[in-house]
4 protein chains.
Amino acid sequence: MSPQRCRDIAHVSAVELRTQVPAETVDFFVRLMGLSEVARDGSRTYLRTWDDYERFTVCVVGAADSGIGRTWLRAAGPEALDRRVRAIEDAGLGLGWADGEEGIGPTYRFTDTDGHEFGIYWESDWYEAPEGQRPALKNQAAPFPGRGASVRRLDHVNYLAADVPAVTAFLPGVLGAELTEQIVMDDGVPSAVWYHVGDKSYDLVYTSDWTGSTGRLHHVAFAADQREDILRAADVMLEAGIHIETGPHKHAIQQTFFLYVYEPGGNRIELCNAGARLVLAPDWRPISWSRAERARGQAWGLKTIDSFHTHGTPPVDAAADAPGTAR
Amino acid sequence: MSPQRCRDIAHVSAVELRTQVPAETVDFFVRLMGLSEVARDGSRTYLRTWDDYERFTVCVVGAADSGIGRTWLRAAGPEALDRRVRAIEDAGLGLGWADGEEGIGPTYRFTDTDGHEFGIYWESDWYEAPEGQRPALKNQAAPFPGRGASVRRLDHVNYLAADVPAVTAFLPGVLGAELTEQIVMDDGVPSAVWYHVGDKSYDLVYTSDWTGSTGRLHHVAFAADQREDILRAADVMLEAGIHIETGPHKHAIQQTFFLYVYEPGGNRIELCNAGARLVLAPDWRPISWSRAERARGQAWGLKTIDSFHTHGTPPVDAAADAPGTAR
Amino acid sequence: MSPQRCRDIAHVSAVELRTQVPAETVDFFVRLMGLSEVARDGSRTYLRTWDDYERFTVCVVGAADSGIGRTWLRAAGPEALDRRVRAIEDAGLGLGWADGEEGIGPTYRFTDTDGHEFGIYWESDWYEAPEGQRPALKNQAAPFPGRGASVRRLDHVNYLAADVPAVTAFLPGVLGAELTEQIVMDDGVPSAVWYHVGDKSYDLVYTSDWTGSTGRLHHVAFAADQREDILRAADVMLEAGIHIETGPHKHAIQQTFFLYVYEPGGNRIELCNAGARLVLAPDWRPISWSRAERARGQAWGLKTIDSFHTHGTPPVDAAADAPGTAR
Amino acid sequence: MSPQRCRDIAHVSAVELRTQVPAETVDFFVRLMGLSEVARDGSRTYLRTWDDYERFTVCVVGAADSGIGRTWLRAAGPEALDRRVRAIEDAGLGLGWADGEEGIGPTYRFTDTDGHEFGIYWESDWYEAPEGQRPALKNQAAPFPGRGASVRRLDHVNYLAADVPAVTAFLPGVLGAELTEQIVMDDGVPSAVWYHVGDKSYDLVYTSDWTGSTGRLHHVAFAADQREDILRAADVMLEAGIHIETGPHKHAIQQTFFLYVYEPGGNRIELCNAGARLVLAPDWRPISWSRAERARGQAWGLKTIDSFHTHGTPPVDAAADAPGTAR
């Protein structure tokens, strides 16, 4: 960890979600999560949370399977972008430049060590609310929707990875991310790692995929302003017949107040609230949780539900005989 | 504003508050705000919020008058500290090195252009909760107190300054802070400026002192986790006979949910909650509010109370014939 | 006050609101308050809050002016209805029986001493959610809407009256209501009175109409489940351009957390939350507030806004030269 | 069920809790729940919630075992008291008159059909806050403590009973309570019943004791004002090392937001919030839940924890080989 704080990644800006039922997935995000549609292009629907200064937060893609497509990272500036592209190329993970989309400029495509695709860019045309849809306060991007969960912004992505230790070299070395918490097995090998690129306590999370598959998704998380928003969202999801996997409750790790649901395409979505918690220490000492500590459950004692350890997208055959004891 | 994000100031870490009634001020912070005493040294009492990883957050100093003493800034690393000390010396604002206190290493003292004293340092001995006072979760510094407002951490400091435009050169140039919002008078001169050094939307704020005095304090703010904590704190303050100046309500500027009270020594204290709001854009475009926009009141229409424009600490004679129309 | 607790009025069940802009008023209730339309009949639109076991909560009526029409009271049983009808007739306030509407059986119409119209009834066909619109939990009437303020139920009605003392005989004597709090002028005359018919601390409120008019409305209030719902509703109203008169704040009287807005037809609407507060004492001692105590403002110090003392519906000419100092 | 609403029981006013560790139990209630001590008499400590208009809410009694002692009911008036005493005597459950205690007048003692002791009374000397401990607002009994959970008032008691069907005759017939919800086994026999005596949706609950014991306690519940108070209380309990059994979550039955903990003496304590939910319908139709519906878990899907079905106080030997499948 470098205490220089020359953070080249400004934030995780958007994700591409794959779904076999794109209309239902879009309806979930718009009607229940409170996002708005900003554009459509063939099988791609661009949606935005109300406080995103950029044009889109989620791109829903009709596909043969579920899972996460590209994750977009915004660089902190043109030099930061150059530095990161060089680091990616040095790591042999580059896929090359592509045109951007929906307000995003030239995007350098690459993968992490587990095969998840990323795109990093600098240029961004900010979202401009159309006439008649301006927010009441000029320091926010779009009106507060007051619809469903009304989530404010993308918070973090939790990937599944066949090889978590490989990721722990990639994240600080190539992306400049810093480890804040981790689960370490009794043999000293990390099975889950939480990294941040800014002051939030985590932005990118990797968890061991017990199936040994690569490139899968554990969940994508959206920040709600208050814990009450999450309690209220639980009723919204309940009434809509959305599968609530677990929560609301408070994680022991990172202390996030959470609710996990499956969107109609099967991807796990988290609604999260961190209160005023930030990791501001430049010399933060990563917290390590043992398997035994992890087994104690969440902060207030809720046992972690089995599917939280086994469900990932896209599903794999191995899931049929899931041990449920992988972690 | 530089999109490099080489943030040399990790965060505003602590403040020294002057008071003629130190016992009452300490009691306010401990019993009503939920801080804990960590050390005493003559007229100085060191208090900490429960989630501060360092040893102290507020140093209450018995003094002949109220107001703010030193503000401590933690550098992001040793090189960052060097860079900032050079910039300060180049600006002719340096006061020289001093020994640190309460866990803080060598501290370079300086003033802003208005005479408020600061100290910047890198070395810090983290707080270690004593045996029997360990938190239940190892990723937090001390137990949640469940006492009064139970504020989590220092959030920001709002200074009064005779010359706000002078500050707007100092903050980015010397401290590397970035402007996020401002109030600009009809003649184009800023009368209040909000700067951040990290992802929070502001850390250091300067407001024009209508008395023309220098070195005074408008308020020190502490972050509560939820808006509900602030509503509940209003009852705590009401029962304790603490003067509630205004709120709870939501600011139009920065959209912070706020409550302002005067601690027994007369210094204005804010309890604040920003929800999940962060300013993550590396190319953030500062929001300017005109005098007319400002006159519309707070977000939900509350008119700004007169004393909010006139009360500062220490009090000055000019206050006796305050126009109440200074802004 | 009788400690017998033979409460003949089960609850205030519905109100008729008059508006010159019925489409806008209906849109306000449906889109921003979270009610649902259950029926239309000419100029009358019947709307319901999601937890009302009866068919409607508000009847919006297109009319030449604003204000409140009929208030419906549900009797606690057939004998209770008989007793109340006799008491009303004995008081010379009866208007006679009418057919009920929208699920309500025979309704006895009458006025209070100030001319506001009421209807009392016993028979009620409960609301049955249509197929496909059933709530997830069978102990609630309709799905939680997750739309706008999503208010749960009607809470209370606050009438303006030319002669408040006359009302203080009518409410306990004719309706069996009990006084819980009041404002008493220096001459011993009550200027505002809060009565309850059940365990909530108030259901029917009368405030002196400074214009000397009769039959006017101060406000109709709807209960939100949590204070956070009211804070969130303030943003919903702000974005929709609805006039927020005052709040959110906490009343000193009755301690209700409140937000006051004007619906597009001009009628004042309150969103309220009482927390877990109930008045359970059968020998409750009414709380009297003096004019001086009242002048101190709301619980946390907010000064009562002038229009709160002057605005009523329908508007009257006298309002043009309102003293603003009536109370 | 009678739609007369001549409610002879005004409310459940206080409970006597037995504990082998009275000092720890008192500390739990004072420091963590926010009650205050009002009197001590030998092994009896009288504690009060801040919004109780009477002198005490809980009487902690040092005893050889845990469990509930007497439950106090306040009659709605002297005639109501007479009526209930006659009904109790007619049912052969009377134990005779006793002097009251801590502000309570003559108390008629009796048992329910399962042997739990009750006391019913009318005369009550209201609590008077001593000089220097007056609340800021005169319509509340004592200052809001801002300490721990700061619960407002007693909400309900849930008893275990060997014979639940016997209770279903006693509660309406002898106490005049009304059934609002129940769990009915496949053979048509109720295994849990929720009754109310006022507008809250329940006050007295009986659940089948799988051990066949009589007179035991499932839990005593205290009302917090907001759901956020319960989330915050979970942290308070966590830090204090109090066993959190389950929650926070929302019950499907009655929809209460809950947190269950064991006080140091082993008695299960619930912190609950009902939002604005009231059962106001005089012809309420009791909701019946089948075993299968109950097995679906709580409102948002949380599976009911085994100990919730097996733990009661005092413990009985049978618990050693608890089936965990009793319900």
# chains A, B, ... in the order shown; residues from 1 in each chain; ligands from 1

call {"tool": "closest_atom_pairs", "arguments": {"of": "chain C", "to": "chain B", "cutoff": "10 Å", "atoms": "only C-alpha atoms", "output": "tab-separated table"}}
result
residue	atom	partner	partner_atom	distance
C:Gln226	CA	B:Glu228	CA	9.7
C:Arg227	CA	B:Glu228	CA	7.7
C:Glu228	CA	B:Glu228	CA	7.1
C:Leu231	CA	B:Arg227	CA	8.8
C:Ala234	CA	B:Trp300	CA	6.6
C:Asp235	CA	B:Trp300	CA	7.6
C:Met237	CA	B:Trp300	CA	8.8
C:Leu238	CA	B:Trp300	CA	6.7
C:His243	CA	B:Gly301	CA	8.9
C:Ile244	CA	B:Trp300	CA	6.7
C:Glu245	CA	B:Gly301	CA	7.6
C:Thr246	CA	B:Leu302	CA	7.1
C:Gly247	CA	B:Trp300	CA	7.6
C:Pro248	CA	B:His249	CA	7.0
C:His249	CA	B:Pro248	CA	7.0
C:Lys250	CA	B:Leu231	CA	9.1
C:Phe257	CA	B:Leu231	CA	9.8
C:Leu259	CA	B:Trp300	CA	9.9
C:Ala299	CA	B:Leu238	CA	8.0
C:Trp300	CA	B:Ala234	CA	6.6
C:Gly301	CA	B:Ile244	CA	6.8
C:Leu302	CA	B:Thr246	CA	7.1
C:Lys303	CA	B:Thr246	CA	9.9
C:Ile305	CA	B:Leu302	CA	9.7

call {"tool": "residues_around", "arguments": {"residues": "Leu175 in chain C", "least_positions_apart": "2", "cutoff": "12 Å", "atoms": "only C-alpha atoms", "output": "MDAnalysis selection string"}}
result
chainID C and resid 1 6:12 73:76 80:91 93 110:113 118:120 167:173 177:179 195:198 203:204

call {"tool": "write_last_selection", "arguments": {"atoms": "C-alpha atoms", "output": "PDB file, in the first residue's frame"}}
result
ATOM      1  CA  MET C   1     -64.244  13.103  30.483  1.00  0.00           C
ATOM      2  CA  CYS C   6     -67.281   3.203  25.843  1.00  0.00           C
ATOM      3  CA  ARG C   7     -65.963   4.734  22.713  1.00  0.00           C
ATOM      4  CA  ASP C   8     -68.784   5.090  20.257  1.00  0.00           C
ATOM      5  CA  ILE C   9     -66.633   6.557  17.484  1.00  0.00           C
ATOM      6  CA  ALA C  10     -64.196   3.913  16.261  1.00  0.00           C
ATOM      7  CA  HIS C  11     -62.177   6.338  14.157  1.00  0.00           C
ATOM      8  CA  VAL C  12     -62.257   9.180  11.655  1.00  0.00           C
ATOM      9  CA  LEU C  73     -66.845   8.878  11.244  1.00  0.00           C
ATOM     10  CA  ARG C  74     -67.234   5.154  11.725  1.00  0.00           C
ATOM     11  CA  ALA C  75     -69.332   4.178  14.731  1.00  0.00           C
ATOM     12  CA  ALA C  76     -68.076   1.347  16.940  1.00  0.00           C
ATOM     13  CA  ALA C  80     -73.045   3.113  19.273  1.00  0.00           C
ATOM     14  CA  LEU C  81     -74.427   4.584  16.072  1.00  0.00           C
ATOM     15  CA  ASP C  82     -77.892   4.847  17.592  1.00  0.00           C
ATOM     16  CA  ARG C  83     -76.541   6.535  20.707  1.00  0.00           C
ATOM     17  CA  ARG C  84     -74.603   9.086  18.712  1.00  0.00           C
ATOM     18  CA  VAL C  85     -77.494   9.863  16.366  1.00  0.00           C
ATOM     19  CA  ARG C  86     -79.713  10.518  19.391  1.00  0.00           C
ATOM     20  CA  ALA C  87     -77.073  12.780  20.928  1.00  0.00           C
ATOM     21  CA  ILE C  88     -76.704  14.672  17.662  1.00  0.00           C
ATOM     22  CA  GLU C  89     -80.451  15.115  17.303  1.00  0.00           C
ATOM     23  CA  ASP C  90     -80.706  16.237  20.907  1.00  0.00           C
ATOM     24  CA  ALA C  91     -78.111  18.870  20.126  1.00  0.00           C
ATOM     25  CA  LEU C  93     -77.309  19.410  14.715  1.00  0.00           C
ATOM     26  CA  PHE C 110     -74.930  16.356  10.726  1.00  0.00           C
ATOM     27  CA  THR C 111     -72.780  19.409  11.349  1.00  0.00           C
ATOM     28  CA  ASP C 112     -70.574  20.465  14.189  1.00  0.00           C
ATOM     29  CA  THR C 113     -71.377  23.781  15.877  1.00  0.00           C
ATOM     30  CA  PHE C 118     -70.008  15.090   9.128  1.00  0.00           C
ATOM     31  CA  GLY C 119     -71.458  11.688   8.341  1.00  0.00           C
ATOM     32  CA  ILE C 120     -71.595   8.828  10.834  1.00  0.00           C
ATOM     33  CA  VAL C 167     -66.835  23.149  19.990  1.00  0.00           C
ATOM     34  CA  THR C 168     -65.519  22.145  23.413  1.00  0.00           C
ATOM     35  CA  ALA C 169     -69.055  21.330  24.494  1.00  0.00           C
ATOM     36  CA  PHE C 170     -69.971  19.565  21.273  1.00  0.00           C
ATOM     37  CA  LEU C 171     -66.972  17.239  21.005  1.00  0.00           C
ATOM     38  CA  PRO C 172     -67.243  15.451  24.343  1.00  0.00           C
ATOM     39  CA  GLY C 173     -70.985  15.813  24.738  1.00  0.00           C
ATOM     40  CA  ALA C 177     -64.373  12.679  22.296  1.00  0.00           C
ATOM     41  CA  GLU C 178     -61.844  13.511  25.013  1.00  0.00           C
ATOM     42  CA  LEU C 179     -59.592  16.579  25.240  1.00  0.00           C
ATOM     43  CA  TYR C 195     -59.526  15.726  20.982  1.00  0.00           C
ATOM     44  CA  HIS C 196     -59.165  12.000  20.613  1.00  0.00           C
ATOM     45  CA  VAL C 197     -61.721   9.244  20.172  1.00  0.00           C
ATOM     46  CA  GLY C 198     -59.281   6.322  20.605  1.00  0.00           C
ATOM     47  CA  ASP C 203     -58.159  12.756  15.949  1.00  0.00           C
ATOM     48  CA  LEU C 204     -60.174  15.977  15.728  1.00  0.00           C
TER      49      LEU C 204
END

call {"tool": "residues_around", "arguments": {"residues": "Thr214 in chain B", "least_positions_apart": "4", "cutoff": "6 Å", "atoms": "only C-alpha atoms", "output": "mmCIF file with all heavy atoms, in the first residue's frame"}}
result
data_model
loop_
_atom_site.group_PDB
_atom_site.id
_atom_site.type_symbol
_atom_site.label_atom_id
_atom_site.label_comp_id
_atom_site.auth_asym_id
_atom_site.auth_seq_id
_atom_site.Cartn_x
_atom_site.Cartn_y
_atom_site.Cartn_z
ATOM 1 N N ASP B 114 -5.994 33.959 6.858
ATOM 2 C CA ASP B 114 -6.830 34.729 7.773
ATOM 3 C C ASP B 114 -6.354 34.602 9.215
ATOM 4 O O ASP B 114 -6.959 35.156 10.133
ATOM 5 C CB ASP B 114 -8.289 34.257 7.674
ATOM 6 C CG ASP B 114 -9.265 35.255 8.265
ATOM 7 O OD1 ASP B 114 -9.406 36.337 7.672
ATOM 8 O OD2 ASP B 114 -9.856 34.951 9.314
ATOM 9 N N ALA B 161 -13.740 34.335 7.839
ATOM 10 C CA ALA B 161 -12.524 34.990 7.333
ATOM 11 C C ALA B 161 -12.858 36.400 6.868
ATOM 12 O O ALA B 161 -13.916 36.629 6.243
ATOM 13 C CB ALA B 161 -11.926 34.198 6.170
ATOM 14 N N ALA B 162 -11.963 37.330 7.176
ATOM 15 C CA ALA B 162 -12.169 38.711 6.729
ATOM 16 C C ALA B 162 -12.057 38.795 5.207
ATOM 17 O O ALA B 162 -12.755 39.580 4.565
ATOM 18 C CB ALA B 162 -11.139 39.634 7.389
#

call {"tool": "residues_around", "arguments": {"residues": "Gly215 in chain D", "least_positions_apart": "4", "cutoff": "12 Å", "atoms": "only C-alpha atoms", "output": "PyMOL selection string"}}
result
chain D and resi 66-71+111-118+158-164+206-209+211+312-316

call {"tool": "write_last_selection", "arguments": {"atoms": "N, CA, C and O atoms", "output": "short mmCIF file (atom, residue, chain, number, x, y, z; two decimals), in the first residue's frame"}}
result
data_model
loop_
_atom_site.label_atom_id
_atom_site.label_comp_id
_atom_site.auth_asym_id
_atom_site.auth_seq_id
_atom_site.Cartn_x
_atom_site.Cartn_y
_atom_site.Cartn_z
N SER D 66 -35.80 -17.38 36.85
CA SER D 66 -36.25 -16.33 35.95
C SER D 66 -37.74 -16.50 35.67
O SER D 66 -38.39 -17.39 36.20
N GLY D 67 -38.27 -15.63 34.84
CA GLY D 67 -39.69 -15.72 34.47
C GLY D 67 -40.43 -14.45 34.80
O GLY D 67 -39.85 -13.48 35.30
N ILE D 68 -41.72 -14.49 34.51
CA ILE D 68 -42.54 -13.31 34.78
C ILE D 68 -43.34 -13.53 36.06
O ILE D 68 -43.83 -14.63 36.32
N GLY D 69 -43.41 -12.48 36.88
CA GLY D 69 -44.27 -12.53 38.05
C GLY D 69 -45.61 -11.93 37.66
O GLY D 69 -46.20 -12.31 36.65
N ARG D 70 -46.02 -10.93 38.38
CA ARG D 70 -47.32 -10.32 38.11
C ARG D 70 -47.30 -9.41 36.88
O ARG D 70 -46.30 -8.77 36.59
N THR D 71 -48.39 -9.41 36.16
CA THR D 71 -48.63 -8.41 35.11
C THR D 71 -49.74 -7.49 35.61
O THR D 71 -50.79 -7.97 36.04
N THR D 111 -55.33 -15.05 38.35
CA THR D 111 -54.47 -15.71 37.37
C THR D 111 -55.25 -15.93 36.10
O THR D 111 -56.48 -15.94 36.09
N ASP D 112 -54.51 -16.08 35.01
CA ASP D 112 -55.15 -16.52 33.78
C ASP D 112 -55.33 -18.05 33.89
O ASP D 112 -55.00 -18.64 34.93
N THR D 113 -55.84 -18.67 32.88
CA THR D 113 -56.11 -20.11 32.96
C THR D 113 -54.84 -20.95 32.97
O THR D 113 -54.89 -22.16 33.20
N ASP D 114 -53.72 -20.30 32.71
CA ASP D 114 -52.45 -21.03 32.68
C ASP D 114 -51.61 -20.78 33.94
O ASP D 114 -50.49 -21.27 34.05
N GLY D 115 -52.14 -19.99 34.84
CA GLY D 115 -51.43 -19.77 36.09
C GLY D 115 -50.56 -18.53 36.17
O GLY D 115 -49.94 -18.27 37.20
N HIS D 116 -50.48 -17.73 35.10
CA HIS D 116 -49.73 -16.47 35.19
C HIS D 116 -50.51 -15.52 36.09
O HIS D 116 -51.73 -15.39 35.94
N GLU D 117 -49.82 -14.82 36.97
CA GLU D 117 -50.51 -13.91 37.89
C GLU D 117 -50.71 -12.53 37.28
O GLU D 117 -49.81 -11.98 36.64
N PHE D 118 -51.89 -11.96 37.53
CA PHE D 118 -52.20 -10.60 37.10
C PHE D 118 -52.69 -9.78 38.29
O PHE D 118 -53.12 -10.35 39.30
N ASN D 158 -45.85 -11.55 25.92
CA ASN D 158 -46.14 -12.81 25.24
C ASN D 158 -45.87 -13.94 26.23
O ASN D 158 -44.73 -14.21 26.59
N TYR D 159 -46.95 -14.59 26.65
CA TYR D 159 -46.85 -15.69 27.60
C TYR D 159 -46.76 -17.03 26.87
O TYR D 159 -47.27 -17.17 25.76
N LEU D 160 -46.15 -18.00 27.53
CA LEU D 160 -46.25 -19.39 27.08
C LEU D 160 -47.38 -20.03 27.89
O LEU D 160 -47.55 -19.70 29.07
N ALA D 161 -48.13 -20.89 27.25
CA ALA D 161 -49.24 -21.54 27.96
C ALA D 161 -49.35 -22.99 27.51
O ALA D 161 -49.18 -23.30 26.32
N ALA D 162 -49.63 -23.86 28.47
CA ALA D 162 -49.79 -25.29 28.14
C ALA D 162 -51.05 -25.49 27.30
O ALA D 162 -51.09 -26.35 26.42
N ASP D 163 -52.06 -24.66 27.57
CA ASP D 163 -53.35 -24.86 26.91
C ASP D 163 -53.80 -23.53 26.29
O ASP D 163 -54.49 -22.74 26.93
N VAL D 164 -53.43 -23.32 25.05
CA VAL D 164 -53.79 -22.06 24.39
C VAL D 164 -55.30 -21.96 24.16
O VAL D 164 -55.89 -20.89 24.38
N TYR D 206 -50.39 -15.19 23.63
CA TYR D 206 -50.13 -16.50 24.24
C TYR D 206 -49.66 -17.46 23.16
O TYR D 206 -50.25 -17.53 22.08
N THR D 207 -48.60 -18.19 23.49
CA THR D 207 -48.03 -19.16 22.56
C THR D 207 -47.98 -20.51 23.27
O THR D 207 -47.69 -20.57 24.46
N SER D 208 -48.22 -21.56 22.53
CA SER D 208 -48.21 -22.90 23.10
C SER D 208 -46.82 -23.24 23.64
O SER D 208 -45.81 -23.08 22.96
N ASP D 209 -46.78 -23.73 24.89
CA ASP D 209 -45.51 -24.13 25.51
C ASP D 209 -45.27 -25.60 25.16
O ASP D 209 -45.94 -26.49 25.66
N THR D 211 -43.22 -27.59 26.07
CA THR D 211 -42.81 -28.47 27.18
C THR D 211 -44.02 -28.88 28.02
O THR D 211 -43.91 -29.70 28.92
N GLY D 312 -37.89 -20.44 26.89
CA GLY D 312 -38.87 -19.75 27.71
C GLY D 312 -38.29 -19.63 29.10
O GLY D 312 -37.28 -20.26 29.41
N THR D 313 -38.89 -18.77 29.92
CA THR D 313 -38.38 -18.64 31.29
C THR D 313 -39.52 -18.83 32.27
O THR D 313 -40.63 -18.35 32.02
N PRO D 314 -39.26 -19.51 33.44
CA PRO D 314 -37.98 -20.14 33.74
C PRO D 314 -37.73 -21.34 32.83
O PRO D 314 -38.68 -21.91 32.30
N PRO D 315 -36.46 -21.72 32.68
CA PRO D 315 -36.16 -22.92 31.88
C PRO D 315 -36.73 -24.15 32.57
O PRO D 315 -36.89 -24.16 33.79
N VAL D 316 -37.07 -25.17 31.79
CA VAL D 316 -37.55 -26.43 32.37
C VAL D 316 -36.67 -27.55 31.84
O VAL D 316 -36.05 -27.42 30.79
#

call {"tool": "select_by_dssp", "arguments": {"residues": "range 106-276 of chain A", "states": "alpha helix (DSSP H)", "output": "tab-separated table (two decimals) with N, CA, C and O atoms, in the first residue's frame"}}
result
chain	number	residue	atom	x	y	z
A	164	VAL	N	-8.25	-16.14	-6.04
A	164	VAL	CA	-8.25	-14.87	-5.33
A	164	VAL	C	-6.83	-14.34	-5.09
A	164	VAL	O	-6.57	-13.15	-5.27
A	165	PRO	N	-5.86	-15.21	-4.71
A	165	PRO	CA	-4.51	-14.67	-4.51
A	165	PRO	C	-3.95	-13.95	-5.74
A	165	PRO	O	-3.25	-12.94	-5.61
A	166	ALA	N	-4.28	-14.42	-6.93
A	166	ALA	CA	-3.80	-13.74	-8.14
A	166	ALA	C	-4.35	-12.31	-8.19
A	166	ALA	O	-3.68	-11.38	-8.63
A	167	VAL	N	-5.58	-12.17	-7.73
A	167	VAL	CA	-6.21	-10.86	-7.75
A	167	VAL	C	-5.51	-9.89	-6.81
A	167	VAL	O	-5.44	-8.68	-7.07
A	168	THR	N	-4.99	-10.42	-5.71
A	168	THR	CA	-4.38	-9.54	-4.71
A	168	THR	C	-3.06	-8.92	-5.20
A	168	THR	O	-2.57	-7.97	-4.59
A	169	ALA	N	-2.53	-9.45	-6.28
A	169	ALA	CA	-1.38	-8.79	-6.89
A	169	ALA	C	-1.87	-7.76	-7.91
A	169	ALA	O	-1.36	-6.64	-8.00
A	170	PHE	N	-2.88	-8.17	-8.65
A	170	PHE	CA	-3.42	-7.32	-9.71
A	170	PHE	C	-4.00	-6.00	-9.19
A	170	PHE	O	-3.72	-4.92	-9.72
A	171	LEU	N	-4.80	-6.08	-8.15
A	171	LEU	CA	-5.55	-4.89	-7.71
A	171	LEU	C	-4.66	-3.75	-7.25
A	171	LEU	O	-4.83	-2.62	-7.72
A	172	PRO	N	-3.70	-3.99	-6.38
A	172	PRO	CA	-2.82	-2.86	-6.02
A	172	PRO	C	-1.81	-2.55	-7.13
A	172	PRO	O	-1.56	-1.39	-7.44
A	173	GLY	N	-1.29	-3.59	-7.75
A	173	GLY	CA	-0.20	-3.37	-8.71
A	173	GLY	C	-0.67	-2.72	-9.99
A	173	GLY	O	-0.02	-1.79	-10.50
A	174	VAL	N	-1.77	-3.16	-10.51
A	174	VAL	CA	-2.22	-2.69	-11.81
A	174	VAL	C	-3.24	-1.53	-11.69
A	174	VAL	O	-3.20	-0.58	-12.44
A	175	LEU	N	-4.12	-1.65	-10.70
A	175	LEU	CA	-5.15	-0.60	-10.56
A	175	LEU	C	-4.83	0.42	-9.47
A	175	LEU	O	-5.48	1.46	-9.37
A	227	ARG	N	-30.40	3.88	6.17
A	227	ARG	CA	-30.80	2.50	6.44
A	227	ARG	C	-32.30	2.34	6.27
A	227	ARG	O	-32.78	1.29	5.82
A	228	GLU	N	-33.05	3.37	6.62
A	228	GLU	CA	-34.49	3.32	6.46
A	228	GLU	C	-34.90	3.09	5.00
A	228	GLU	O	-35.92	2.47	4.73
A	229	ASP	N	-34.10	3.61	4.07
A	229	ASP	CA	-34.41	3.38	2.66
A	229	ASP	C	-34.32	1.90	2.32
A	229	ASP	O	-35.02	1.40	1.44
A	230	ILE	N	-33.44	1.22	3.03
A	230	ILE	CA	-33.24	-0.21	2.75
A	230	ILE	C	-34.36	-1.03	3.39
A	230	ILE	O	-34.87	-1.99	2.79
A	231	LEU	N	-34.80	-0.64	4.57
A	231	LEU	CA	-35.94	-1.32	5.18
A	231	LEU	C	-37.17	-1.15	4.31
A	231	LEU	O	-37.94	-2.08	4.07
A	232	ARG	N	-37.34	0.07	3.82
A	232	ARG	CA	-38.49	0.35	2.98
A	232	ARG	C	-38.39	-0.42	1.66
A	232	ARG	O	-39.38	-0.95	1.15
A	233	ALA	N	-37.17	-0.51	1.14
A	233	ALA	CA	-36.96	-1.25	-0.11
A	233	ALA	C	-37.31	-2.72	0.07
A	233	ALA	O	-37.77	-3.38	-0.87
A	234	ALA	N	-37.10	-3.25	1.27
A	234	ALA	CA	-37.46	-4.65	1.51
A	234	ALA	C	-38.95	-4.85	1.29
A	234	ALA	O	-39.38	-5.88	0.73
A	235	ASP	N	-39.76	-3.89	1.71
A	235	ASP	CA	-41.20	-3.99	1.46
A	235	ASP	C	-41.51	-3.87	-0.03
A	235	ASP	O	-42.41	-4.55	-0.55
A	236	VAL	N	-40.79	-2.99	-0.69
A	236	VAL	CA	-40.99	-2.82	-2.14
A	236	VAL	C	-40.70	-4.14	-2.86
A	236	VAL	O	-41.47	-4.59	-3.73
A	237	MET	N	-39.61	-4.79	-2.50
A	237	MET	CA	-39.22	-6.05	-3.15
A	237	MET	C	-40.22	-7.16	-2.79
A	237	MET	O	-40.61	-7.96	-3.63
A	238	LEU	N	-40.63	-7.17	-1.53
A	238	LEU	CA	-41.61	-8.17	-1.09
A	238	LEU	C	-42.90	-8.06	-1.90
A	238	LEU	O	-43.42	-9.06	-2.40
A	239	GLU	N	-43.41	-6.87	-2.05
A	239	GLU	CA	-44.66	-6.68	-2.78
A	239	GLU	C	-44.51	-7.04	-4.26
A	239	GLU	O	-45.47	-7.48	-4.89
A	240	ALA	N	-43.31	-6.84	-4.79
A	240	ALA	CA	-43.09	-7.09	-6.22
A	240	ALA	C	-42.77	-8.56	-6.50
A	240	ALA	O	-42.60	-8.95	-7.65

call {"tool": "residues_around", "arguments": {"residues": "Ser43 in chain B", "least_positions_apart": "2", "cutoff": "8 Å", "atoms": "only C-alpha atoms", "output": "number ranges by chain"}}
result
B: 40-41, 45, 61-62

call {"tool": "write_last_selection", "arguments": {"atoms": "C-alpha atoms", "output": "compact mmCIF listing (two decimals), in the first residue's frame"}}
result
# COMPACT_ATOMS: atom_id res chain seq x y z
CA ARG B 40 -5.88 15.43 30.19
CA ASP B 41 -2.91 17.74 30.36
CA THR B 45 -8.71 17.70 27.62
CA VAL B 61 -8.81 24.08 26.08
CA GLY B 62 -9.78 26.29 28.98
